[in-house]
file input.txt (compact mmCIF, C-alpha atoms and all ligand atoms)
# COMPACT_ATOMS: atom_id res chain seq x y z
CA MET S 1 16.69 3.90 6.92
CA SER S 2 18.16 7.32 6.51
CA GLU S 3 18.99 9.83 9.17
CA THR S 4 16.34 12.24 7.96
CA PRO S 5 14.04 12.75 10.94
CA ALA S 6 10.53 11.47 10.51
CA SER S 7 8.04 14.25 10.01
CA GLU S 8 4.35 14.11 9.48
CA THR S 9 1.63 16.28 8.05
CA SER S 10 -2.10 16.01 8.02
CA GLY S 11 -4.10 16.79 4.90
CA SER S 12 -6.71 18.47 7.01
CA GLU S 13 -4.20 21.08 8.14
CA THR S 14 -3.71 22.53 4.68
CA SER S 15 -6.02 23.55 1.90
CA GLY S 16 -4.88 20.42 0.01
CA SER S 17 -6.84 21.59 -3.02
CA GLU S 18 -4.42 24.05 -4.64
CA PRO S 19 -2.37 22.63 -7.48
CA ALA S 20 1.20 22.64 -6.22
CA GLN S 21 3.06 23.03 -9.47
CA ALA S 22 2.45 23.64 -13.12
CA GLY S 23 2.55 20.78 -15.57
CA THR S 24 0.70 17.59 -16.12
CA ILE S 25 0.76 14.56 -13.87
CA ALA S 26 1.26 11.33 -15.82
CA PHE S 27 -0.62 8.66 -13.86
CA LEU S 28 0.30 5.08 -14.75
CA GLY S 29 -1.77 2.25 -13.30
CA LEU S 30 -5.45 3.14 -13.04
CA GLY S 31 -6.52 0.00 -11.16
CA HIS S 32 -8.40 -0.44 -7.89
CA MET S 33 -6.17 2.07 -6.10
CA GLY S 34 -4.75 4.23 -8.89
CA GLY S 35 -8.14 4.88 -10.53
CA PRO S 36 -9.72 6.67 -7.55
CA MET S 37 -6.44 8.36 -6.59
CA ALA S 38 -6.19 9.90 -10.08
CA ILE S 39 -9.83 10.99 -9.90
CA ASN S 40 -9.15 12.81 -6.61
CA LEU S 41 -6.26 14.68 -8.24
CA VAL S 42 -8.50 15.82 -11.08
CA ARG S 43 -11.19 16.92 -8.59
CA ALA S 44 -8.55 19.03 -6.83
CA GLY S 45 -7.73 20.82 -10.09
CA TYR S 46 -4.67 18.96 -11.29
CA SER S 47 -4.25 18.10 -14.94
CA VAL S 48 -3.85 14.32 -15.16
CA THR S 49 -2.96 12.20 -18.19
CA GLY S 50 -3.51 8.55 -17.39
CA PHE S 51 -2.47 5.26 -18.92
CA ASP S 52 -3.33 1.65 -18.15
CA PRO S 53 -3.18 -1.34 -20.53
CA VAL S 54 -6.71 -2.34 -19.44
CA PRO S 55 -9.28 -0.55 -21.66
CA ALA S 56 -12.00 -0.57 -18.96
CA ALA S 57 -9.69 1.33 -16.59
CA LEU S 58 -9.15 4.00 -19.27
CA GLU S 59 -12.87 4.27 -19.89
CA THR S 60 -13.62 4.84 -16.20
CA ALA S 61 -10.81 7.39 -16.03
CA ARG S 62 -12.16 9.35 -19.02
CA ALA S 63 -15.64 9.37 -17.48
CA HIS S 64 -14.11 11.23 -14.51
CA GLY S 65 -12.24 13.90 -16.44
CA ILE S 66 -8.87 12.21 -16.79
CA THR S 67 -7.19 12.63 -20.16
CA THR S 68 -6.02 9.23 -21.33
CA ALA S 69 -3.06 8.29 -23.50
CA ASP S 70 -2.61 5.32 -25.83
CA THR S 71 0.77 4.43 -24.34
CA ALA S 72 2.73 5.09 -21.18
CA ILE S 73 5.33 6.93 -23.25
CA GLU S 74 2.68 9.29 -24.63
CA ALA S 75 1.38 9.96 -21.10
CA VAL S 76 4.81 10.82 -19.77
CA ALA S 77 6.03 13.12 -22.54
CA GLY S 78 5.70 16.64 -21.12
CA ALA S 79 4.79 15.53 -17.60
CA ALA S 80 6.21 17.27 -14.54
CA VAL S 81 5.31 14.36 -12.26
CA VAL S 82 5.22 10.66 -13.19
CA LEU S 83 3.01 8.89 -10.64
CA THR S 84 2.95 5.08 -10.72
CA MET S 85 0.52 2.71 -8.95
CA LEU S 86 1.55 -0.68 -10.30
CA PRO S 87 1.27 -4.31 -9.19
CA SER S 88 4.96 -4.99 -8.48
CA GLY S 89 8.55 -3.77 -8.55
CA LYS S 90 9.15 -5.64 -11.78
CA HIS S 91 6.35 -3.69 -13.46
CA LEU S 92 7.91 -0.48 -12.17
CA LEU S 93 11.49 -1.22 -13.18
CA ASP S 94 10.40 -2.48 -16.62
CA ALA S 95 8.41 0.71 -17.15
CA TYR S 96 11.26 2.94 -15.99
CA ARG S 97 13.89 1.18 -18.12
CA GLY S 98 11.80 0.09 -21.10
CA THR S 99 11.60 -3.46 -22.43
CA GLY S 100 12.09 -5.14 -25.80
CA GLY S 101 14.26 -2.34 -27.13
CA GLN S 102 11.58 0.27 -26.39
CA PRO S 103 12.61 3.44 -24.53
CA GLY S 104 11.67 3.62 -20.87
CA LEU S 105 9.82 6.35 -19.01
CA LEU S 106 13.11 7.69 -17.67
CA ASP S 107 14.29 8.26 -21.25
CA ILE S 108 11.13 10.08 -22.29
CA ALA S 109 10.21 12.31 -19.36
CA PRO S 110 11.52 15.90 -19.42
CA PRO S 111 14.75 16.31 -17.42
CA GLY S 112 14.15 16.94 -13.74
CA SER S 113 10.76 15.19 -13.70
CA LEU S 114 9.57 13.93 -10.36
CA PHE S 115 9.07 10.15 -10.37
CA LEU S 116 6.59 9.37 -7.60
CA ASP S 117 5.95 5.66 -7.05
CA CYS S 118 3.04 4.72 -4.77
CA SER S 119 3.08 0.96 -5.51
CA THR S 120 4.04 -1.52 -2.79
CA ILE S 121 7.35 -3.10 -3.85
CA ASN S 122 10.59 -4.46 -2.38
CA VAL S 123 12.76 -1.94 -0.54
CA ASP S 124 15.72 -2.91 -2.75
CA GLU S 125 13.63 -2.37 -5.89
CA ALA S 126 12.52 1.05 -4.63
CA ARG S 127 16.14 2.06 -4.06
CA GLU S 128 17.13 0.72 -7.49
CA ALA S 129 14.27 2.63 -9.15
CA ALA S 130 15.33 5.83 -7.35
CA ASP S 131 18.98 5.34 -8.34
CA LEU S 132 17.97 4.85 -11.98
CA ALA S 133 15.77 7.94 -11.91
CA VAL S 134 18.45 10.11 -10.34
CA ALA S 135 21.10 8.78 -12.75
CA ALA S 136 18.80 9.79 -15.63
CA GLY S 137 18.59 13.36 -14.28
CA HIS S 138 15.24 13.06 -12.52
CA ARG S 139 13.98 13.14 -8.92
CA ALA S 140 12.54 10.11 -7.13
CA VAL S 141 10.10 9.50 -4.29
CA ASP S 142 8.68 6.24 -2.95
CA ALA S 143 5.32 6.71 -1.24
CA PRO S 144 3.45 3.45 -0.65
CA VAL S 145 0.04 3.70 0.97
CA SER S 146 -2.22 2.11 3.51
CA GLY S 147 -5.95 2.59 3.66
CA GLY S 148 -7.11 0.34 0.82
CA VAL S 149 -9.63 1.07 -1.89
CA VAL S 150 -11.98 2.79 0.57
CA GLY S 151 -9.17 5.18 1.54
CA ALA S 152 -8.22 5.74 -2.10
CA GLU S 153 -11.80 6.70 -2.96
CA ALA S 154 -12.30 8.91 0.09
CA GLY S 155 -8.87 10.57 -0.20
CA THR S 156 -7.96 9.35 3.28
CA LEU S 157 -4.89 7.21 2.52
CA THR S 158 -1.78 7.23 4.67
CA PHE S 159 1.41 7.81 2.66
CA MET S 160 4.78 6.56 3.93
CA VAL S 161 7.37 8.59 2.07
CA GLY S 162 11.01 7.98 1.19
CA ALA S 163 12.49 11.11 -0.37
CA LEU S 164 15.11 13.81 -0.13
CA PRO S 165 13.68 16.63 2.02
CA GLU S 166 13.17 19.01 -0.94
CA ASP S 167 11.42 16.32 -2.97
CA PHE S 168 9.19 15.48 0.00
CA GLU S 169 8.12 19.13 0.14
CA ALA S 170 7.41 19.07 -3.60
CA VAL S 171 5.12 16.02 -3.50
CA LYS S 172 3.43 16.77 -0.17
CA PRO S 173 0.58 18.87 -1.65
CA LEU S 174 -0.23 16.09 -4.13
CA LEU S 175 -0.22 13.45 -1.44
CA GLU S 176 -2.42 15.59 0.79
CA VAL S 177 -5.05 15.57 -1.95
CA MET S 178 -5.09 11.76 -2.01
CA GLY S 179 -4.52 11.11 1.68
CA LYS S 180 -5.12 12.39 5.17
CA ARG S 181 -1.73 11.43 6.64
CA VAL S 182 1.66 11.93 5.04
CA VAL S 183 4.72 10.73 6.94
CA HIS S 184 8.27 11.48 5.80
CA CYS S 185 10.12 8.31 6.85
CA GLY S 186 13.59 9.05 5.46
CA GLU S 187 15.38 8.93 2.13
CA HIS S 188 14.89 6.64 -0.89
CA GLY S 189 13.30 3.31 0.07
CA ALA S 190 12.33 4.44 3.58
CA GLY S 191 8.63 4.64 2.67
CA GLN S 192 8.63 1.00 1.53
CA ALA S 193 10.66 0.02 4.59
CA ALA S 194 8.09 1.61 6.92
CA LYS S 195 5.22 -0.03 5.08
CA ILE S 196 6.58 -3.59 5.27
CA CYS S 197 7.71 -3.23 8.89
CA ASN S 198 4.23 -2.03 9.86
CA ASN S 199 2.51 -4.79 7.91
CA MET S 200 4.79 -7.43 9.41
CA ILE S 201 3.60 -6.28 12.86
CA LEU S 202 0.02 -6.43 11.57
CA GLY S 203 0.32 -9.92 10.07
CA VAL S 204 1.96 -11.37 13.17
CA SER S 205 -0.45 -9.64 15.56
CA MET S 206 -3.53 -10.82 13.67
CA ILE S 207 -2.32 -14.40 13.90
CA ALA S 208 -1.64 -13.95 17.64
CA VAL S 209 -5.09 -12.44 18.28
CA SER S 210 -6.78 -15.19 16.25
CA GLU S 211 -4.91 -17.97 18.07
CA ALA S 212 -5.91 -16.39 21.40
CA PHE S 213 -9.60 -16.29 20.43
CA VAL S 214 -9.55 -19.94 19.34
CA LEU S 215 -7.76 -20.90 22.56
CA GLY S 216 -10.38 -18.91 24.50
CA GLU S 217 -13.13 -20.85 22.70
CA LYS S 218 -11.49 -24.15 23.68
CA LEU S 219 -11.27 -22.95 27.29
CA GLY S 220 -14.93 -21.93 27.40
CA LEU S 221 -14.32 -18.15 27.31
CA THR S 222 -16.80 -15.97 25.43
CA HIS S 223 -15.47 -13.72 22.68
CA GLN S 224 -16.81 -10.70 24.50
CA ALA S 225 -15.11 -11.61 27.78
CA LEU S 226 -11.72 -12.01 26.09
CA PHE S 227 -12.25 -8.80 24.14
CA ASP S 228 -13.26 -6.83 27.24
CA VAL S 229 -10.11 -7.93 29.06
CA ALA S 230 -7.53 -7.82 26.25
CA SER S 231 -8.73 -4.61 24.63
CA ALA S 232 -8.06 -2.76 27.88
CA ALA S 233 -4.95 -4.72 28.83
CA SER S 234 -1.53 -5.55 27.41
CA GLY S 235 -2.96 -7.59 24.52
CA GLN S 236 -4.45 -4.39 23.05
CA CYS S 237 -3.64 -3.85 19.35
CA TRP S 238 -5.29 -2.79 16.07
CA ALA S 239 -5.89 -6.41 15.03
CA LEU S 240 -8.02 -6.81 18.16
CA THR S 241 -9.71 -3.45 18.68
CA THR S 242 -10.39 -2.37 15.07
CA ASN S 243 -10.22 -5.48 12.88
CA CYS S 244 -11.37 -7.99 15.50
CA PRO S 245 -11.38 -11.46 13.85
CA VAL S 246 -14.57 -12.65 15.58
CA PRO S 247 -18.02 -11.13 14.99
CA GLY S 248 -19.62 -9.16 17.78
CA PRO S 249 -17.18 -7.13 19.86
CA VAL S 250 -16.32 -4.65 17.06
CA PRO S 251 -19.42 -4.39 14.83
CA THR S 252 -17.53 -2.72 11.96
CA SER S 253 -14.83 -5.41 11.63
CA PRO S 254 -14.87 -7.67 8.52
CA ALA S 255 -15.71 -10.72 10.70
CA ASN S 256 -19.25 -9.30 10.91
CA ARG S 257 -19.67 -9.47 7.11
CA ASP S 258 -18.27 -12.94 6.45
CA TYR S 259 -14.72 -11.58 6.09
CA GLN S 260 -15.37 -9.38 3.06
CA PRO S 261 -12.21 -7.20 2.85
CA GLY S 262 -11.04 -4.89 4.27
CA PHE S 263 -7.50 -5.89 3.58
CA ALA S 264 -7.42 -8.96 1.39
CA GLY S 265 -5.42 -12.06 2.28
CA ALA S 266 -3.59 -11.85 -1.07
CA LEU S 267 -2.29 -8.38 -0.21
CA MET S 268 -1.16 -9.46 3.26
CA ALA S 269 0.63 -12.45 1.68
CA LYS S 270 2.27 -10.07 -0.83
CA ASP S 271 3.42 -7.60 1.84
CA LEU S 272 4.77 -10.35 4.10
CA LYS S 273 6.75 -11.72 1.14
CA LEU S 274 8.30 -8.28 0.71
CA ALA S 275 9.08 -8.24 4.46
CA LEU S 276 10.59 -11.73 4.16
CA ASN S 277 12.80 -10.58 1.28
CA ALA S 278 14.00 -7.65 3.39
CA LEU S 279 14.59 -9.88 6.43
CA GLU S 280 16.72 -12.17 4.26
CA SER S 281 18.67 -9.41 2.55
CA THR S 282 19.45 -7.71 5.87
CA GLY S 283 20.13 -10.92 7.82
CA VAL S 284 17.70 -10.13 10.66
CA ALA S 285 17.28 -13.14 12.98
CA ALA S 286 13.49 -13.02 12.73
CA ARG S 287 11.32 -16.07 13.28
CA LEU S 288 7.74 -14.80 13.46
CA GLY S 289 7.91 -12.69 10.27
CA PRO S 290 8.89 -15.64 8.05
CA LEU S 291 6.34 -17.87 9.77
CA ALA S 292 3.59 -15.28 9.24
CA SER S 293 4.60 -15.10 5.57
CA GLU S 294 4.23 -18.88 5.23
CA ILE S 295 0.89 -18.87 7.09
CA TYR S 296 -0.58 -16.13 4.87
CA ASP S 297 0.79 -17.75 1.70
CA ASN S 298 -1.16 -20.89 2.59
CA PHE S 299 -4.23 -18.86 3.56
CA ALA S 300 -4.19 -17.06 0.20
CA ALA S 301 -3.60 -20.30 -1.75
CA GLU S 302 -6.40 -22.12 0.07
CA GLY S 303 -9.26 -19.71 -0.68
CA GLY S 304 -8.33 -16.72 1.49
CA ALA S 305 -6.88 -14.51 -1.28
CA GLY S 306 -10.07 -12.49 -1.67
CA ARG S 307 -11.16 -12.63 1.99
CA ASP S 308 -10.13 -10.24 4.70
CA PHE S 309 -6.85 -11.31 6.29
CA SER S 310 -8.61 -11.65 9.67
CA GLY S 311 -10.29 -14.74 8.15
CA ILE S 312 -7.10 -16.52 9.18
CA ILE S 313 -8.99 -17.33 12.38
CA THR S 314 -11.26 -19.72 10.48
CA ASP S 315 -8.18 -21.65 9.29
CA ILE S 316 -6.85 -21.88 12.83
CA ARG S 317 -10.25 -23.00 14.11
CA ASP S 318 -10.67 -25.57 11.31
CA LYS S 319 -7.28 -27.05 12.07
CA SER S 320 -8.06 -27.14 15.80
CA GLY S 321 -10.70 -29.83 15.55
CA HIS S 322 -13.78 -27.67 16.22
P1 LIG E 1 -4.59 -3.31 -9.59
O1 LIG E 1 -4.10 -4.59 -10.17
O2 LIG E 1 -6.04 -3.09 -9.43
O3 LIG E 1 -3.99 -2.07 -10.43
C1 LIG E 1 -2.74 -2.06 -11.02
C2 LIG E 1 -2.93 -1.52 -12.42
O4 LIG E 1 -1.67 -1.33 -13.06
C3 LIG E 1 -3.73 -2.47 -13.33
O5 LIG E 1 -4.89 -1.81 -13.80
C4 LIG E 1 -2.76 -2.79 -14.47
O6 LIG E 1 -3.40 -2.96 -15.71
C5 LIG E 1 -1.87 -1.57 -14.43
N1 LIG E 1 -0.58 -1.70 -15.11
C6 LIG E 1 0.23 -2.79 -15.16
N2 LIG E 1 1.36 -2.48 -15.86
C7 LIG E 1 1.25 -1.17 -16.24
C8 LIG E 1 2.08 -0.29 -16.97
N3 LIG E 1 3.27 -0.67 -17.46
N4 LIG E 1 1.64 0.98 -17.18
C9 LIG E 1 0.46 1.38 -16.69
N5 LIG E 1 -0.37 0.58 -15.98
C10 LIG E 1 0.02 -0.68 -15.77
O7 LIG E 1 -3.84 -3.19 -8.18
P2 LIG E 1 -4.22 -2.19 -6.98
O8 LIG E 1 -5.06 -2.90 -5.99
O9 LIG E 1 -4.66 -0.89 -7.55
O10 LIG E 1 -2.78 -2.04 -6.29
C11 LIG E 1 -1.77 -1.21 -6.86
C12 LIG E 1 -0.59 -1.16 -5.89
O11 LIG E 1 -1.06 -0.66 -4.63
C13 LIG E 1 0.02 -2.54 -5.60
O12 LIG E 1 1.42 -2.40 -5.51
C14 LIG E 1 -0.60 -2.93 -4.26
O13 LIG E 1 0.22 -3.81 -3.49
C15 LIG E 1 -0.72 -1.57 -3.60
N6 LIG E 1 -1.77 -1.48 -2.57
C16 LIG E 1 -3.02 -1.97 -2.82
C17 LIG E 1 -4.01 -1.87 -1.83
C18 LIG E 1 -5.41 -2.39 -2.07
O14 LIG E 1 -6.20 -2.46 -1.11
N7 LIG E 1 -5.78 -2.76 -3.30
C19 LIG E 1 -3.71 -1.28 -0.60
C20 LIG E 1 -2.42 -0.74 -0.40
C21 LIG E 1 -1.46 -0.86 -1.39
call {"tool": "encode", "arguments": {"input": "input.txt", "output": "structure tokens", "more": "lines below"}}
Ligand code: NAD
result
Amino acid sequence: MSETPASETSGSETSGSEPAQAGTIAFLGLGHMGGPMAINLVRAGYSVTGFDPVPAALETARAHGITTADTAIEAVAGAAVVLTMLPSGKHLLDAYRGTGGQPGLLDIAPPGSLFLDCSTINVDEAREAADLAVAAGHRAVDAPVSGGVVGAEAGTLTFMVGALPEDFEAVKPLLEVMGKRVVHCGEHGAGQAAKICNNMILGVSMIAVSEAFVLGEKLGLTHQALFDVASAASGQCWALTTNCPVPGPVPTSPANRDYQPGFAGALMAKDLKLALNALESTGVAARLGPLASEIYDNFAAEGGAGRDFSGIITDIRDKSGH
């Protein structure tokens, strides 16, 4: 993490709807998250040229006023900002560098373009992408999100940003269109670092809360009794009080709708793998993070990929002889 002090803004504190800078935004990756994020930029008055290899994604984008390009290269030529929302760091680095002898986005974009990556990727990959962008004469920002598809559609995402201070200021108005909370976490890679540290806490705490509920069941405790005590005591956490893994105490939690996500098990498994990679590359003597990664890998592989990650409680219960 850098020494840049963390700072935070709220989208509701600014107009958020004034285009911050002239020039087109090239938006690459119009999937579940990128599609609605790009639409919100257009609604706020930005000029967006989008590209995605999936034709249906392009069709939806066009229906919402996004200009679409036939290739990523075409989208990026002339863009002031290159915003990416891609599945992985490999997708990002391949796009930046180019593959199969084709030029990469860094070769094509006008000098000084701002490369803004909102995908969730390894911290090391984010730093490598930023180094490549800067070496090619551009500016780089990593800004992964939390808030899911619902937050992307509503423009209420949280952005965790790794950027030089002047680049943070430049992207802040754009991020405030797509999100309600924008936190400057430090320099390149710090946004990804904050995201995986937070999600490691979340993965571990959901397992702890779920194990406690199953233990409570075995001991004859009602869900409500455990909730009433723990939610107002030292066991209090988001996994318990917002995303409670048993139906009843928190009516809006995914447990009340058969674990429809929410935050899918596959995404928790992905984020914990990124945390595991960072734990290994930094040599942190962590035990629960790697274990949580293994537990969510199994959960995703055994039918939990498309279920909310709080469905882990059903695995624990099944393996507890209920
Ligand atoms: P998605 O698979 O729906 O979208 C990714 C899109 O990128 C796809 O449409 C794919 O065709 C496109 N793509 C792949 N290579 C491309 C390229 N070279 N150029 C342009 N487009 C390309 O995934 P998503 O759910 O939108 O997630 C995107 C990112 O956001 C991931 O890194 C994910 O971890 C992160 N994220 C997702 C959620 C969520 O709830 N879905 C929440 C937080 C963060």
call {"tool": "residues_around", "arguments": {"input": "input.txt", "residues": "Ser253 of chain S", "least_positions_apart": "4", "cutoff": "9 Å", "atoms": "only C-alpha atoms", "output": "JSON, numbers by chain"}}
result
{"S": [241, 242, 243, 244, 245, 246, 247, 248, 249, 257, 259, 262]}
call {"tool": "atom_distance", "arguments": {"input": "input.txt", "atom1": "atom CA of Thr84 of chain S", "atom2": "atom CA of Ala301 of chain S"}}
result
27.7 Å
call {"tool": "closest_residue", "arguments": {"input": "input.txt", "among": "S:Ser113, S:Ser146, S:Thr60, S:Asn40", "to": "ligand LIG 1 (chain E)", "atoms": "all atoms listed in the file"}}
result
S:Ser146
call {"tool": "closest_residue", "arguments": {"input": "input.txt", "among": "S:Asn256, S:Asn122, S:Thr68, S:Ser293", "to": "Leu202 of chain S", "atoms": "all atoms listed in the file"}}
result
S:Ser293
call {"tool": "closest_residue", "arguments": {"input": "input.txt", "among": "S:Ala133, S:Phe299, S:Leu114, S:Glu153", "to": "Ala38 of chain S", "atoms": "all atoms listed in the file"}}
result
S:Glu153
call {"tool": "residues_near_ligand", "arguments": {"input": "input.txt", "ligand": "ligand LIG 1 (chain E)", "cutoff": "6 Å", "atoms": "all atoms listed in the file", "output": "list in words"}}
result
Leu28, Gly29, Leu30, Gly31, His32, Met33, Gly34, Phe51, Asp52, Pro53, Val54, Ala72, Met85, Leu86, Pro87, Ser88, His91, Ala95, Ser119, Thr120, Val145, Ser146, Gly148, Val149 and Phe263 of chain S
call {"tool": "write_last_selection", "arguments": {"input": "input.txt", "atoms": "C-alpha atoms", "output": "short mmCIF file (atom, residue, chain, number, x, y, z; two decimals), in the frame of the given file"}}
result
data_model
loop_
_atom_site.label_atom_id
_atom_site.label_comp_id
_atom_site.auth_asym_id
_atom_site.auth_seq_id
_atom_site.Cartn_x
_atom_site.Cartn_y
_atom_site.Cartn_z
CA LEU S 28 0.30 5.08 -14.75
CA GLY S 29 -1.77 2.25 -13.30
CA LEU S 30 -5.45 3.14 -13.04
CA GLY S 31 -6.52 0.00 -11.16
CA HIS S 32 -8.40 -0.44 -7.89
CA MET S 33 -6.17 2.07 -6.10
CA GLY S 34 -4.75 4.23 -8.89
CA PHE S 51 -2.47 5.26 -18.92
CA ASP S 52 -3.33 1.65 -18.15
CA PRO S 53 -3.18 -1.34 -20.53
CA VAL S 54 -6.71 -2.34 -19.44
CA ALA S 72 2.73 5.09 -21.18
CA MET S 85 0.52 2.71 -8.95
CA LEU S 86 1.55 -0.68 -10.30
CA PRO S 87 1.27 -4.31 -9.19
CA SER S 88 4.96 -4.99 -8.48
CA HIS S 91 6.35 -3.69 -13.46
CA ALA S 95 8.41 0.71 -17.15
CA SER S 119 3.08 0.96 -5.51
CA THR S 120 4.04 -1.52 -2.79
CA VAL S 145 0.04 3.70 0.97
CA SER S 146 -2.22 2.11 3.51
CA GLY S 148 -7.11 0.34 0.82
CA VAL S 149 -9.63 1.07 -1.89
CA PHE S 263 -7.50 -5.89 3.58
#
call {"tool": "residues_around", "arguments": {"input": "input.txt", "residues": "segment 204-216 of chain S", "least_positions_apart": "5", "cutoff": "6 Å", "atoms": "all atoms listed in the file", "output": "JSON, numbers by chain"}}
result
{"S": [221, 239, 292, 313]}
call {"tool": "write_last_selection", "arguments": {"input": "input.txt", "atoms": "C-alpha atoms", "output": "compact mmCIF listing (two decimals), in the frame of the given file"}}
result
# COMPACT_ATOMS: atom_id res chain seq x y z
CA LEU S 221 -14.32 -18.15 27.31
CA ALA S 239 -5.89 -6.41 15.03
CA ALA S 292 3.59 -15.28 9.24
CA ILE S 313 -8.99 -17.33 12.38
call {"tool": "atom_distance", "arguments": {"input": "input.txt", "atom1": "atom CA of Ile25 of chain S", "atom2": "atom CA of Thr71 of chain S"}}
result
14.6 Å
call {"tool": "closest_atom_pairs", "arguments": {"input": "input.txt", "of": "segment 151-193 of chain S", "to": "segment 276-279 of chain S", "cutoff": "12 Å", "atoms": "only C-alpha atoms", "output": "JSON lines"}}
result
{"residue": "S:Gly189", "atom": "CA", "partner": "S:Ala278", "partner_atom": "CA", "distance": 11.5}
{"residue": "S:Gln192", "atom": "CA", "partner": "S:Ala278", "partner_atom": "CA", "distance": 10.3}
{"residue": "S:Ala193", "atom": "CA", "partner": "S:Ala278", "partner_atom": "CA", "distance": 8.5}
call {"tool": "atom_distance", "arguments": {"input": "input.txt", "atom1": "atom CA of Arg62 of chain S", "atom2": "atom CA of Phe27 of chain S"}}
result
12.7 Å
call {"tool": "residues_near_point", "arguments": {"input": "input.txt", "point": "(16.9, 12.7, -12.7)", "cutoff": "12 Å", "atoms": "all atoms listed in the file", "output": "PyMOL selection string"}}
result
chain S and resi 80-82+96+105-116+129-141+167
call {"tool": "closest_residue", "arguments": {"input": "input.txt", "among": "S:Val150, S:Ala56, S:Leu267, S:Ala232", "to": "Met37 of chain S", "atoms": "all atoms listed in the file"}}
result
S:Val150
call {"tool": "closest_residue", "arguments": {"input": "input.txt", "among": "S:Ile295, S:Val161, S:Leu93, S:Gly303", "to": "Ile316 of chain S", "atoms": "all atoms listed in the file"}}
result
S:Ile295
call {"tool": "closest_residue", "arguments": {"input": "input.txt", "among": "S:Gly304, S:Gly101, S:Gly289, S:Gly155", "to": "Ala266 of chain S", "atoms": "all atoms listed in the file"}}
result
S:Gly304
call {"tool": "closest_atom_pairs", "arguments": {"input": "input.txt", "of": "segment 128-167 of chain S", "to": "segment 179-183 of chain S", "cutoff": "6 Å", "atoms": "all atoms listed in the file", "output": "CSV"}}
result
residue,atom,partner,partner_atom,distance
S:Gly155,CA,S:Gly179,CA,4.8
S:Thr156,CA,S:Gly179,CA,4.2
S:Leu157,CA,S:Gly179,CA,4.0
S:Thr158,CA,S:Arg181,CA,4.6
S:Phe159,CA,S:Val182,CA,4.8
S:Met160,CA,S:Val183,CA,5.1
S:Val161,CA,S:Val183,CA,5.9
call {"tool": "axis_aligned_box", "arguments": {"input": "input.txt", "around": "segment 144-162 of chain S", "padding_each_side": "5 Å", "output": "lines of an AutoDock Vina configuration file"}}
result
center_x = -0.6
center_y = 5.5
center_z = 0.9
size_x = 33.3
size_y = 20.2
size_z = 17.6
call {"tool": "decode", "arguments": {"input": "input.txt", "residues": "segment 180-218 of chain S", "atoms": "C-alpha atoms", "output": "CSV table (one decimal), in the first residue's frame"}}
result
chain,number,residue,atom,x,y,z
S,180,LYS,CA,-22.2,6.3,-4.4
S,181,ARG,CA,-18.9,5.8,-2.5
S,182,VAL,CA,-15.4,6.4,-3.9
S,183,VAL,CA,-12.4,5.7,-1.7
S,184,HIS,CA,-8.9,6.6,-2.6
S,185,CYS,CA,-6.9,3.8,-1.1
S,186,GLY,CA,-3.4,4.7,-2.3
S,187,GLU,CA,-1.3,4.4,-5.4
S,188,HIS,CA,-1.3,1.7,-8.2
S,189,GLY,CA,-2.7,-1.6,-7.0
S,190,ALA,CA,-4.1,-0.2,-3.7
S,191,GLY,CA,-7.7,-0.4,-4.9
S,192,GLN,CA,-7.3,-4.1,-5.7
S,193,ALA,CA,-5.5,-4.6,-2.3
S,194,ALA,CA,-8.4,-3.0,-0.4
S,195,LYS,CA,-10.9,-5.1,-2.3
S,196,ILE,CA,-9.3,-8.5,-1.6
S,197,CYS,CA,-8.5,-7.7,2.0
S,198,ASN,CA,-12.2,-6.7,2.6
S,199,ASN,CA,-13.5,-9.8,0.8
S,200,MET,CA,-11.1,-12.0,2.8
S,201,ILE,CA,-12.7,-10.6,6.0
S,202,LEU,CA,-16.1,-11.2,4.5
S,203,GLY,CA,-15.4,-14.8,3.4
S,204,VAL,CA,-13.9,-15.8,6.7
S,205,SER,CA,-16.7,-14.0,8.7
S,206,MET,CA,-19.5,-15.7,6.7
S,207,ILE,CA,-18.0,-19.1,7.5
S,208,ALA,CA,-17.7,-18.2,11.2
S,209,VAL,CA,-21.3,-16.9,11.4
S,210,SER,CA,-22.6,-20.0,9.5
S,211,GLU,CA,-20.7,-22.4,11.8
S,212,ALA,CA,-22.1,-20.6,14.8
S,213,PHE,CA,-25.7,-20.9,13.6
S,214,VAL,CA,-25.2,-24.7,12.9
S,215,LEU,CA,-23.7,-25.1,16.3
S,216,GLY,CA,-26.6,-23.2,17.8
S,217,GLU,CA,-29.0,-25.5,16.1
S,218,LYS,CA,-27.2,-28.5,17.5
